[in-house]
Amino acid sequence: MNLFGIIGNRIAQGVMAPVIKNMKIAFPERIEGVDAFLSIPEILEQRGAKHPLIVTGPRIAKSEFFSAMIHNMEGEYSVYDKVEPDPKVSQAVEMMEMYEQNHCDSFIAIGGGSNMDAAKAAAAGVARPDKKISELGGLMKVGKKIPLFIAVPTTSGTGSETTVAAVVTDDETGRKYSINDGNLCPDYAVLDPNLTVSLPPALTAQTGMDALTHAVEAYLNKTYHTKDTKELCEDAVQAIFEFLPKAYEDGNDMEAREEMLIASFKAGQAFTVSCVGNVHAIAHTIGGLYHVPHGLANAVVLPYVLYDYGAKVYGPLARLAEITRVKEEGSQKEKAEAFIEEIKKMNERMEIPSNFSQLQEKDFPTMAGWAAKEANPLYPCPKIYGKNDFIRLLKQIRGTI
């Protein structure tokens with residue numbers, strides 16, 4: 001990006017910073033521990049909710065814990081169990097219609113980020129029936145509180161249980177975009193490690209690296225930091241480096257599963273205010289066009305972007321290398337590069353590929369346009385990327401240079 005573009009973006013971020021840092025966000029009440037999901041009927045009763053819409057996907061709908069939760073429910077409820085990865089706007093519309101037709105009064109979203117994002121988008125539509133969901137994309141366009149929302153993550157990575165964002169995919173173009181509004185933050189986050197035990201190793205790895213990407217990108221976006229951001233990110237990164245390998249190797253390690261849920265939650269809190277960055281901007285385009293799971297896309301893209309930032313991130317990455325004990329001696333550059341190399345090694349140990357050879361160069365201009373539109377001017381990344389920068393990175397990620 002040329003100098004004038006960079007200056008313009010930095011000015012815009014400076015103007016947005018006090019607004020974003022002073023956003024009034026009521027983060028969810030955290031309910032955690034083994035069998036925490038059994039407390040949901042009590043939460044509904046306390047809040048006077050009598051007919052929730054339960055949103056999930058087909059795999060979870062067939063699970064034992066879902067059956068147990070349904071068995072434990074009292075009163076009426078409706079179930080939408082057709083959420084797909086990378087949920088489309090049309091699915092959110094279907095949920096809105098079910099919510100209204102069945103006279104529902106609350107949402108329970110169970111699953112990974114796709115399920116929670118789809119439910120949030122539907123809840124945004126319920127709160128703003130005067131707007132199409134496509135008109136709510138962007139920053140602070142909902143403007144009204146959504147119905148009671150209980151988020152129950154079954155993965156440890158997306159952080160959607162504590163964020164103000166809902167990522168959906170346009171049915172016609174395949175472009176992913178985000179609805180960002182403080183009103184989308186769930187009221188409760190139920191963190192039950194039992195619900196993540198059945199997660200296969202590959203998904204454990206991908207969602208865990210998603211959480212790591214959230215923490216690292218939020219850590220680097222200093223312009224939007226609040227007094228808690230640095231500590232939240234450092235706690236999350238430290239926990240992920242320690243407990244993700246354990247959860248990957250032994251899915252029944254309850255301590256590792258619970259610590260990963262908490263780390264994901266903290267990373268979600270951090271990037272809710274500080275935002276993500278160019279890694280996500282690229283990953284969203286790969287997911288939208290090639291149907292690559294979001295966590296996998298982030299895991300592959302993260303080292304490329306961190307290396308590309310160069311000296312701009314040596315200081316903060318050196319600090320992360322120290323607290324994770326990856327490298328405690330040496331120059332900032334040596335520590336930072338050791339931290340990035342350890343991310344690459346973690347990927348390799350968890351059988352995450354080092355590139356995406358399936359990317360097609362003919363798509364790069366479109367992908368770069370989408371990424372630039374997402375990132376600029378909102379994300380206060382260490383390095384501002386224009387379309388040519390995104391194309392350059394996409395070529396590296398494809399493995400062609």
# chains A, B, ... in the order shown; residues from 1 in each chain; ligands from 1
>>> residues_around(residues="stretch 126-136 of chain A", least_positions_apart="6", cutoff="12 Å", atoms="only C-alpha atoms", output="PDB file with N, CA and C atoms, in the first residue's frame")
ATOM      1  N   LYS A  88     -24.397 -19.810   5.790  1.00  0.00           N
ATOM      2  CA  LYS A  88     -24.852 -18.800   4.837  1.00  0.00           C
ATOM      3  C   LYS A  88     -25.948 -17.940   5.448  1.00  0.00           C
ATOM      4  N   VAL A  89     -26.128 -16.775   4.872  1.00  0.00           N
ATOM      5  CA  VAL A  89     -27.155 -15.849   5.330  1.00  0.00           C
ATOM      6  C   VAL A  89     -28.527 -16.515   5.286  1.00  0.00           C
ATOM      7  N   SER A  90     -28.755 -17.341   4.259  1.00  0.00           N
ATOM      8  CA  SER A  90     -30.057 -17.990   4.115  1.00  0.00           C
ATOM      9  C   SER A  90     -30.384 -18.873   5.316  1.00  0.00           C
ATOM     10  N   GLN A  91     -29.371 -19.473   5.944  1.00  0.00           N
ATOM     11  CA  GLN A  91     -29.622 -20.284   7.135  1.00  0.00           C
ATOM     12  C   GLN A  91     -30.056 -19.420   8.310  1.00  0.00           C
ATOM     13  N   ALA A  92     -29.436 -18.267   8.449  1.00  0.00           N
ATOM     14  CA  ALA A  92     -29.842 -17.354   9.512  1.00  0.00           C
ATOM     15  C   ALA A  92     -31.289 -16.905   9.314  1.00  0.00           C
ATOM     16  N   VAL A  93     -31.673 -16.704   8.066  1.00  0.00           N
ATOM     17  CA  VAL A  93     -33.051 -16.311   7.765  1.00  0.00           C
ATOM     18  C   VAL A  93     -34.021 -17.439   8.137  1.00  0.00           C
ATOM     19  N   GLU A  94     -33.634 -18.682   7.837  1.00  0.00           N
ATOM     20  CA  GLU A  94     -34.471 -19.830   8.221  1.00  0.00           C
ATOM     21  C   GLU A  94     -34.684 -19.865   9.731  1.00  0.00           C
ATOM     22  N   MET A  95     -33.633 -19.596  10.490  1.00  0.00           N
ATOM     23  CA  MET A  95     -33.741 -19.589  11.953  1.00  0.00           C
ATOM     24  C   MET A  95     -34.660 -18.477  12.428  1.00  0.00           C
ATOM     25  N   MET A  96     -34.527 -17.312  11.834  1.00  0.00           N
ATOM     26  CA  MET A  96     -35.409 -16.206  12.197  1.00  0.00           C
ATOM     27  C   MET A  96     -36.866 -16.590  11.998  1.00  0.00           C
ATOM     28  N   GLU A  97     -37.151 -17.229  10.879  1.00  0.00           N
ATOM     29  CA  GLU A  97     -38.527 -17.632  10.581  1.00  0.00           C
ATOM     30  C   GLU A  97     -39.036 -18.648  11.599  1.00  0.00           C
ATOM     31  N   MET A  98     -38.174 -19.631  11.961  1.00  0.00           N
ATOM     32  CA  MET A  98     -38.567 -20.617  12.970  1.00  0.00           C
ATOM     33  C   MET A  98     -38.795 -19.943  14.319  1.00  0.00           C
ATOM     34  N   TYR A  99     -37.914 -19.020  14.679  1.00  0.00           N
ATOM     35  CA  TYR A  99     -38.018 -18.304  15.946  1.00  0.00           C
ATOM     36  C   TYR A  99     -39.363 -17.580  16.046  1.00  0.00           C
ATOM     37  N   GLU A 100     -39.733 -16.897  14.986  1.00  0.00           N
ATOM     38  CA  GLU A 100     -40.962 -16.109  14.995  1.00  0.00           C
ATOM     39  C   GLU A 100     -42.203 -17.004  14.932  1.00  0.00           C
ATOM     40  N   GLN A 101     -42.164 -18.033  14.075  1.00  0.00           N
ATOM     41  CA  GLN A 101     -43.327 -18.912  13.911  1.00  0.00           C
ATOM     42  C   GLN A 101     -43.638 -19.675  15.191  1.00  0.00           C
ATOM     43  N   HIS A 103     -42.844 -18.675  18.259  1.00  0.00           N
ATOM     44  CA  HIS A 103     -42.945 -17.738  19.382  1.00  0.00           C
ATOM     45  C   HIS A 103     -41.852 -17.984  20.422  1.00  0.00           C
ATOM     46  N   CYS A 104     -40.620 -18.123  19.934  1.00  0.00           N
ATOM     47  CA  CYS A 104     -39.479 -18.329  20.824  1.00  0.00           C
ATOM     48  C   CYS A 104     -39.121 -17.015  21.532  1.00  0.00           C
ATOM     49  N   ASP A 105     -38.372 -17.130  22.606  1.00  0.00           N
ATOM     50  CA  ASP A 105     -37.998 -15.935  23.368  1.00  0.00           C
ATOM     51  C   ASP A 105     -36.520 -15.895  23.746  1.00  0.00           C
ATOM     52  N   SER A 106     -35.726 -16.855  23.244  1.00  0.00           N
ATOM     53  CA  SER A 106     -34.312 -16.911  23.608  1.00  0.00           C
ATOM     54  C   SER A 106     -33.583 -17.854  22.655  1.00  0.00           C
ATOM     55  N   PHE A 107     -32.251 -17.776  22.689  1.00  0.00           N
ATOM     56  CA  PHE A 107     -31.412 -18.633  21.856  1.00  0.00           C
ATOM     57  C   PHE A 107     -30.458 -19.439  22.735  1.00  0.00           C
ATOM     58  N   ALA A 118     -24.038 -18.400  13.295  1.00  0.00           N
ATOM     59  CA  ALA A 118     -25.335 -18.462  12.618  1.00  0.00           C
ATOM     60  C   ALA A 118     -26.450 -18.020  13.553  1.00  0.00           C
ATOM     61  N   ALA A 119     -26.391 -18.489  14.801  1.00  0.00           N
ATOM     62  CA  ALA A 119     -27.416 -18.113  15.779  1.00  0.00           C
ATOM     63  C   ALA A 119     -27.359 -16.624  16.096  1.00  0.00           C
ATOM     64  N   LYS A 120     -26.151 -16.076  16.209  1.00  0.00           N
ATOM     65  CA  LYS A 120     -26.019 -14.637  16.467  1.00  0.00           C
ATOM     66  C   LYS A 120     -26.591 -13.810  15.322  1.00  0.00           C
ATOM     67  N   VAL A 142     -26.378  -3.105  14.352  1.00  0.00           N
ATOM     68  CA  VAL A 142     -27.546  -3.764  14.952  1.00  0.00           C
ATOM     69  C   VAL A 142     -28.261  -2.766  15.862  1.00  0.00           C
ATOM     70  N   GLY A 143     -27.545  -2.254  16.846  1.00  0.00           N
ATOM     71  CA  GLY A 143     -28.068  -1.144  17.633  1.00  0.00           C
ATOM     72  C   GLY A 143     -29.128  -1.488  18.651  1.00  0.00           C
ATOM     73  N   LYS A 144     -29.549  -2.737  18.734  1.00  0.00           N
ATOM     74  CA  LYS A 144     -30.547  -3.155  19.714  1.00  0.00           C
ATOM     75  C   LYS A 144     -30.117  -4.468  20.343  1.00  0.00           C
ATOM     76  N   LYS A 145     -30.472  -4.657  21.606  1.00  0.00           N
ATOM     77  CA  LYS A 145     -30.107  -5.882  22.309  1.00  0.00           C
ATOM     78  C   LYS A 145     -30.834  -7.070  21.716  1.00  0.00           C
ATOM     79  N   ILE A 146     -30.087  -8.145  21.505  1.00  0.00           N
ATOM     80  CA  ILE A 146     -30.688  -9.375  21.004  1.00  0.00           C
ATOM     81  C   ILE A 146     -31.376 -10.106  22.158  1.00  0.00           C
ATOM     82  N   PRO A 147     -32.220 -11.106  21.860  1.00  0.00           N
ATOM     83  CA  PRO A 147     -32.844 -11.881  22.937  1.00  0.00           C
ATOM     84  C   PRO A 147     -31.797 -12.592  23.797  1.00  0.00           C
ATOM     85  N   LEU A 148     -32.247 -13.093  24.945  1.00  0.00           N
ATOM     86  CA  LEU A 148     -31.369 -13.881  25.818  1.00  0.00           C
ATOM     87  C   LEU A 148     -30.605 -14.906  24.996  1.00  0.00           C
ATOM     88  N   ALA A 165     -19.119 -10.597  17.459  1.00  0.00           N
ATOM     89  CA  ALA A 165     -19.102 -10.784  16.013  1.00  0.00           C
ATOM     90  C   ALA A 165     -19.857 -12.035  15.593  1.00  0.00           C
ATOM     91  N   ALA A 166     -20.431 -11.968  14.409  1.00  0.00           N
ATOM     92  CA  ALA A 166     -21.050 -13.127  13.761  1.00  0.00           C
ATOM     93  C   ALA A 166     -20.588 -13.129  12.313  1.00  0.00           C
ATOM     94  N   VAL A 167     -19.850 -14.167  11.936  1.00  0.00           N
ATOM     95  CA  VAL A 167     -19.336 -14.258  10.567  1.00  0.00           C
ATOM     96  C   VAL A 167     -20.270 -15.136   9.752  1.00  0.00           C
ATOM     97  N   VAL A 168     -20.766 -14.596   8.648  1.00  0.00           N
ATOM     98  CA  VAL A 168     -21.666 -15.329   7.756  1.00  0.00           C
ATOM     99  C   VAL A 168     -21.157 -15.213   6.327  1.00  0.00           C
ATOM    100  N   THR A 169     -21.707 -16.070   5.460  1.00  0.00           N
ATOM    101  CA  THR A 169     -21.265 -16.119   4.070  1.00  0.00           C
ATOM    102  C   THR A 169     -22.402 -15.722   3.144  1.00  0.00           C
ATOM    103  N   ASP A 170     -22.117 -14.832   2.221  1.00  0.00           N
ATOM    104  CA  ASP A 170     -23.105 -14.423   1.231  1.00  0.00           C
ATOM    105  C   ASP A 170     -23.434 -15.595   0.315  1.00  0.00           C
ATOM    106  N   ASP A 171     -24.711 -15.908   0.160  1.00  0.00           N
ATOM    107  CA  ASP A 171     -25.125 -17.072  -0.623  1.00  0.00           C
ATOM    108  C   ASP A 171     -24.682 -16.979  -2.082  1.00  0.00           C
ATOM    109  N   GLU A 172     -24.687 -15.797  -2.644  1.00  0.00           N
ATOM    110  CA  GLU A 172     -24.420 -15.637  -4.074  1.00  0.00           C
ATOM    111  C   GLU A 172     -22.937 -15.543  -4.396  1.00  0.00           C
ATOM    112  N   ARG A 175     -18.630 -14.634  -0.381  1.00  0.00           N
ATOM    113  CA  ARG A 175     -17.784 -13.767   0.447  1.00  0.00           C
ATOM    114  C   ARG A 175     -18.227 -13.841   1.899  1.00  0.00           C
ATOM    115  N   LYS A 176     -17.250 -14.038   2.781  1.00  0.00           N
ATOM    116  CA  LYS A 176     -17.532 -13.995   4.215  1.00  0.00           C
ATOM    117  C   LYS A 176     -17.492 -12.546   4.697  1.00  0.00           C
ATOM    118  N   TYR A 177     -18.419 -12.212   5.570  1.00  0.00           N
ATOM    119  CA  TYR A 177     -18.347 -10.901   6.202  1.00  0.00           C
ATOM    120  C   TYR A 177     -18.846 -11.017   7.636  1.00  0.00           C
ATOM    121  N   SER A 178     -18.570  -9.997   8.407  1.00  0.00           N
ATOM    122  CA  SER A 178     -18.848 -10.060   9.832  1.00  0.00           C
ATOM    123  C   SER A 178     -19.841  -8.985  10.245  1.00  0.00           C
ATOM    124  N   ILE A 179     -20.769  -9.379  11.111  1.00  0.00           N
ATOM    125  CA  ILE A 179     -21.652  -8.438  11.789  1.00  0.00           C
ATOM    126  C   ILE A 179     -21.020  -8.184  13.149  1.00  0.00           C
ATOM    127  N   ASN A 180     -20.642  -6.959  13.423  1.00  0.00           N
ATOM    128  CA  ASN A 180     -19.945  -6.618  14.672  1.00  0.00           C
ATOM    129  C   ASN A 180     -20.749  -5.584  15.456  1.00  0.00           C
ATOM    130  N   ASP A 181     -21.207  -5.980  16.622  1.00  0.00           N
ATOM    131  CA  ASP A 181     -22.013  -5.056  17.427  1.00  0.00           C
ATOM    132  C   ASP A 181     -21.983  -5.531  18.876  1.00  0.00           C
ATOM    133  N   ASN A 183     -24.083  -5.524  21.009  1.00  0.00           N
ATOM    134  CA  ASN A 183     -25.324  -6.194  21.399  1.00  0.00           C
ATOM    135  C   ASN A 183     -25.324  -7.691  21.091  1.00  0.00           C
ATOM    136  N   LEU A 184     -24.338  -8.172  20.313  1.00  0.00           N
ATOM    137  CA  LEU A 184     -24.297  -9.585  19.943  1.00  0.00           C
ATOM    138  C   LEU A 184     -23.579 -10.456  20.973  1.00  0.00           C
TER     139      LEU A 184
END
>>> residues_around(residues="A:Glu29", least_positions_apart="3", cutoff="9 Å", atoms="only C-alpha atoms", output="JSON list (two decimals) with C-alpha atoms, in the first residue's frame")
[["chain", "number", "residue", "atom", "x", "y", "z"],
["A", 26, "ALA", "CA", -21.33, -6.78, 28.84],
["A", 186, "PRO", "CA", -23.90, -13.72, 24.58],
["A", 187, "ASP", "CA", -25.36, -13.42, 28.06],
["A", 188, "TYR", "CA", -23.87, -16.73, 29.25],
["A", 189, "ALA", "CA", -20.95, -18.89, 28.15],
["A", 190, "VAL", "CA", -21.25, -22.48, 29.37]]
>>> closest_residue(among="A:Ala211, A:Ala321, A:Ile11, A:Ile397", to="A:Ser354", atoms="only C-alpha atoms")
A:Ile397
>>> closest_residue(among="A:Ala267, A:Met260, A:Ala371, A:Ala236", to="A:Ile323", atoms="only C-alpha atoms")
A:Ala236
>>> select_by_dssp(residues="stretch 59-123 of chain A", states="helix (DSSP H, G or I)", output="ChimeraX atom specification")
/A:59-61,64-72,89-101,113-123
>>> closest_residue(among="A:Ala36, A:Leu378, A:Leu232, A:Ala338", to="A:Gly277", atoms="only C-alpha atoms")
A:Leu378
>>> select_by_dssp(residues="stretch 166-267 of chain A", states="strand (DSSP E)", output="PyMOL selection string")
chain A and resi 166-169+176-180+188-191
>>> write_last_selection(atoms="N, CA and C atoms", output="PDB file, in the first residue's frame")
ATOM      1  N   ALA A 166     -20.431 -11.968  14.409  1.00  0.00           N
ATOM      2  CA  ALA A 166     -21.050 -13.127  13.761  1.00  0.00           C
ATOM      3  C   ALA A 166     -20.588 -13.129  12.313  1.00  0.00           C
ATOM      4  N   VAL A 167     -19.850 -14.167  11.936  1.00  0.00           N
ATOM      5  CA  VAL A 167     -19.336 -14.258  10.567  1.00  0.00           C
ATOM      6  C   VAL A 167     -20.270 -15.136   9.752  1.00  0.00           C
ATOM      7  N   VAL A 168     -20.766 -14.596   8.648  1.00  0.00           N
ATOM      8  CA  VAL A 168     -21.666 -15.329   7.756  1.00  0.00           C
ATOM      9  C   VAL A 168     -21.157 -15.213   6.327  1.00  0.00           C
ATOM     10  N   THR A 169     -21.707 -16.070   5.460  1.00  0.00           N
ATOM     11  CA  THR A 169     -21.265 -16.119   4.070  1.00  0.00           C
ATOM     12  C   THR A 169     -22.402 -15.722   3.144  1.00  0.00           C
ATOM     13  N   LYS A 176     -17.250 -14.038   2.781  1.00  0.00           N
ATOM     14  CA  LYS A 176     -17.532 -13.995   4.215  1.00  0.00           C
ATOM     15  C   LYS A 176     -17.492 -12.546   4.697  1.00  0.00           C
ATOM     16  N   TYR A 177     -18.419 -12.212   5.570  1.00  0.00           N
ATOM     17  CA  TYR A 177     -18.347 -10.901   6.202  1.00  0.00           C
ATOM     18  C   TYR A 177     -18.846 -11.017   7.636  1.00  0.00           C
ATOM     19  N   SER A 178     -18.570  -9.997   8.407  1.00  0.00           N
ATOM     20  CA  SER A 178     -18.848 -10.060   9.832  1.00  0.00           C
ATOM     21  C   SER A 178     -19.841  -8.985  10.245  1.00  0.00           C
ATOM     22  N   ILE A 179     -20.769  -9.379  11.111  1.00  0.00           N
ATOM     23  CA  ILE A 179     -21.652  -8.438  11.789  1.00  0.00           C
ATOM     24  C   ILE A 179     -21.020  -8.184  13.149  1.00  0.00           C
ATOM     25  N   ASN A 180     -20.642  -6.959  13.423  1.00  0.00           N
ATOM     26  CA  ASN A 180     -19.945  -6.618  14.672  1.00  0.00           C
ATOM     27  C   ASN A 180     -20.749  -5.584  15.456  1.00  0.00           C
ATOM     28  N   TYR A 188     -24.529 -15.665  28.481  1.00  0.00           N
ATOM     29  CA  TYR A 188     -23.872 -16.728  29.247  1.00  0.00           C
ATOM     30  C   TYR A 188     -22.975 -17.543  28.316  1.00  0.00           C
ATOM     31  N   ALA A 189     -21.829 -17.948  28.839  1.00  0.00           N
ATOM     32  CA  ALA A 189     -20.953 -18.888  28.149  1.00  0.00           C
ATOM     33  C   ALA A 189     -20.795 -20.104  29.045  1.00  0.00           C
ATOM     34  N   VAL A 190     -21.290 -21.240  28.587  1.00  0.00           N
ATOM     35  CA  VAL A 190     -21.249 -22.475  29.372  1.00  0.00           C
ATOM     36  C   VAL A 190     -20.045 -23.287  28.907  1.00  0.00           C
ATOM     37  N   LEU A 191     -18.992 -23.337  29.723  1.00  0.00           N
ATOM     38  CA  LEU A 191     -17.732 -23.974  29.351  1.00  0.00           C
ATOM     39  C   LEU A 191     -17.624 -25.326  30.052  1.00  0.00           C
TER      40      LEU A 191
END
>>> atom_distance(atom1="atom CA of A:Ile262", atom2="atom CA of A:Gly288")
28.0 Å
>>> atom_distance(atom1="atom CA of A:Thr366", atom2="atom CA of A:Gly386")
12.7 Å
>>> residues_around(residues="A:Ile25", least_positions_apart="6", cutoff="10 Å", atoms="only C-alpha atoms", output="VMD selection string")
chain A and resid 163 to 164 181 to 185 269 272 to 273
>>> write_last_selection(atoms="N, CA and C atoms", output="PDB file, in the first residue's frame")
ATOM      1  N   THR A 163     -17.653 -13.137  21.993  1.00  0.00           N
ATOM      2  CA  THR A 163     -17.378 -12.040  21.070  1.00  0.00           C
ATOM      3  C   THR A 163     -18.650 -11.317  20.640  1.00  0.00           C
ATOM      4  N   VAL A 164     -18.437 -10.174  20.010  1.00  0.00           N
ATOM      5  CA  VAL A 164     -19.554  -9.364  19.503  1.00  0.00           C
ATOM      6  C   VAL A 164     -19.708  -9.532  17.996  1.00  0.00           C
ATOM      7  N   ASP A 181     -21.207  -5.980  16.622  1.00  0.00           N
ATOM      8  CA  ASP A 181     -22.013  -5.056  17.427  1.00  0.00           C
ATOM      9  C   ASP A 181     -21.983  -5.531  18.876  1.00  0.00           C
ATOM     10  N   GLY A 182     -21.800  -4.600  19.808  1.00  0.00           N
ATOM     11  CA  GLY A 182     -21.744  -4.963  21.216  1.00  0.00           C
ATOM     12  C   GLY A 182     -22.974  -5.706  21.698  1.00  0.00           C
ATOM     13  N   ASN A 183     -24.083  -5.524  21.009  1.00  0.00           N
ATOM     14  CA  ASN A 183     -25.324  -6.194  21.399  1.00  0.00           C
ATOM     15  C   ASN A 183     -25.324  -7.691  21.091  1.00  0.00           C
ATOM     16  N   LEU A 184     -24.338  -8.172  20.313  1.00  0.00           N
ATOM     17  CA  LEU A 184     -24.297  -9.585  19.943  1.00  0.00           C
ATOM     18  C   LEU A 184     -23.579 -10.456  20.973  1.00  0.00           C
ATOM     19  N   CYS A 185     -23.000  -9.853  21.983  1.00  0.00           N
ATOM     20  CA  CYS A 185     -22.277 -10.641  22.971  1.00  0.00           C
ATOM     21  C   CYS A 185     -23.250 -11.528  23.754  1.00  0.00           C
ATOM     22  N   GLN A 269     -12.266 -12.595  24.417  1.00  0.00           N
ATOM     23  CA  GLN A 269     -12.444 -11.304  25.079  1.00  0.00           C
ATOM     24  C   GLN A 269     -11.450 -10.277  24.536  1.00  0.00           C
ATOM     25  N   THR A 272     -12.254  -9.221  20.887  1.00  0.00           N
ATOM     26  CA  THR A 272     -13.531  -8.523  20.787  1.00  0.00           C
ATOM     27  C   THR A 272     -13.317  -7.020  20.787  1.00  0.00           C
ATOM     28  N   VAL A 273     -12.337  -6.557  21.565  1.00  0.00           N
ATOM     29  CA  VAL A 273     -12.030  -5.136  21.611  1.00  0.00           C
ATOM     30  C   VAL A 273     -10.894  -4.795  20.650  1.00  0.00           C
TER      31      VAL A 273
END
>>> atom_distance(atom1="atom CA of A:Cys233", atom2="atom CA of A:His284")
21.7 Å
>>> residues_around(residues="A:Phe339", least_positions_apart="6", cutoff="10 Å", atoms="only C-alpha atoms", output="count of residues only")
15
>>> closest_residue(among="A:Asn388, A:Phe37, A:Ile352, A:Lys21", to="A:Asp228", atoms="only C-alpha atoms")
A:Lys21
>>> closest_residue(among="A:Met73, A:Ala256, A:Ala299, A:Ala336", to="A:Glu45", atoms="only C-alpha atoms")
A:Met73
>>> closest_atom_pairs(of="stretch 48-106 of chain A", to="stretch 153-162 of chain A", cutoff="12 Å", atoms="only C-alpha atoms", output="JSON lines")
{"residue": "A:Val55", "atom": "CA", "partner": "A:Pro153", "partner_atom": "CA", "distance": 11.7}
{"residue": "A:Thr56", "atom": "CA", "partner": "A:Thr154", "partner_atom": "CA", "distance": 10.4}
{"residue": "A:Gly57", "atom": "CA", "partner": "A:Thr154", "partner_atom": "CA", "distance": 11.2}
{"residue": "A:Arg59", "atom": "CA", "partner": "A:Thr154", "partner_atom": "CA", "distance": 11.3}
{"residue": "A:Ile60", "atom": "CA", "partner": "A:Thr154", "partner_atom": "CA", "distance": 8.8}
{"residue": "A:Ser63", "atom": "CA", "partner": "A:Thr154", "partner_atom": "CA", "distance": 11.3}
{"residue": "A:Phe65", "atom": "CA", "partner": "A:Thr154", "partner_atom": "CA", "distance": 10.7}
{"residue": "A:Phe66", "atom": "CA", "partner": "A:Thr154", "partner_atom": "CA", "distance": 11.0}
>>> closest_residue(among="A:Ala283, A:Glu259, A:Glu64, A:Asn22", to="A:Trp370", atoms="only C-alpha atoms")
A:Ala283
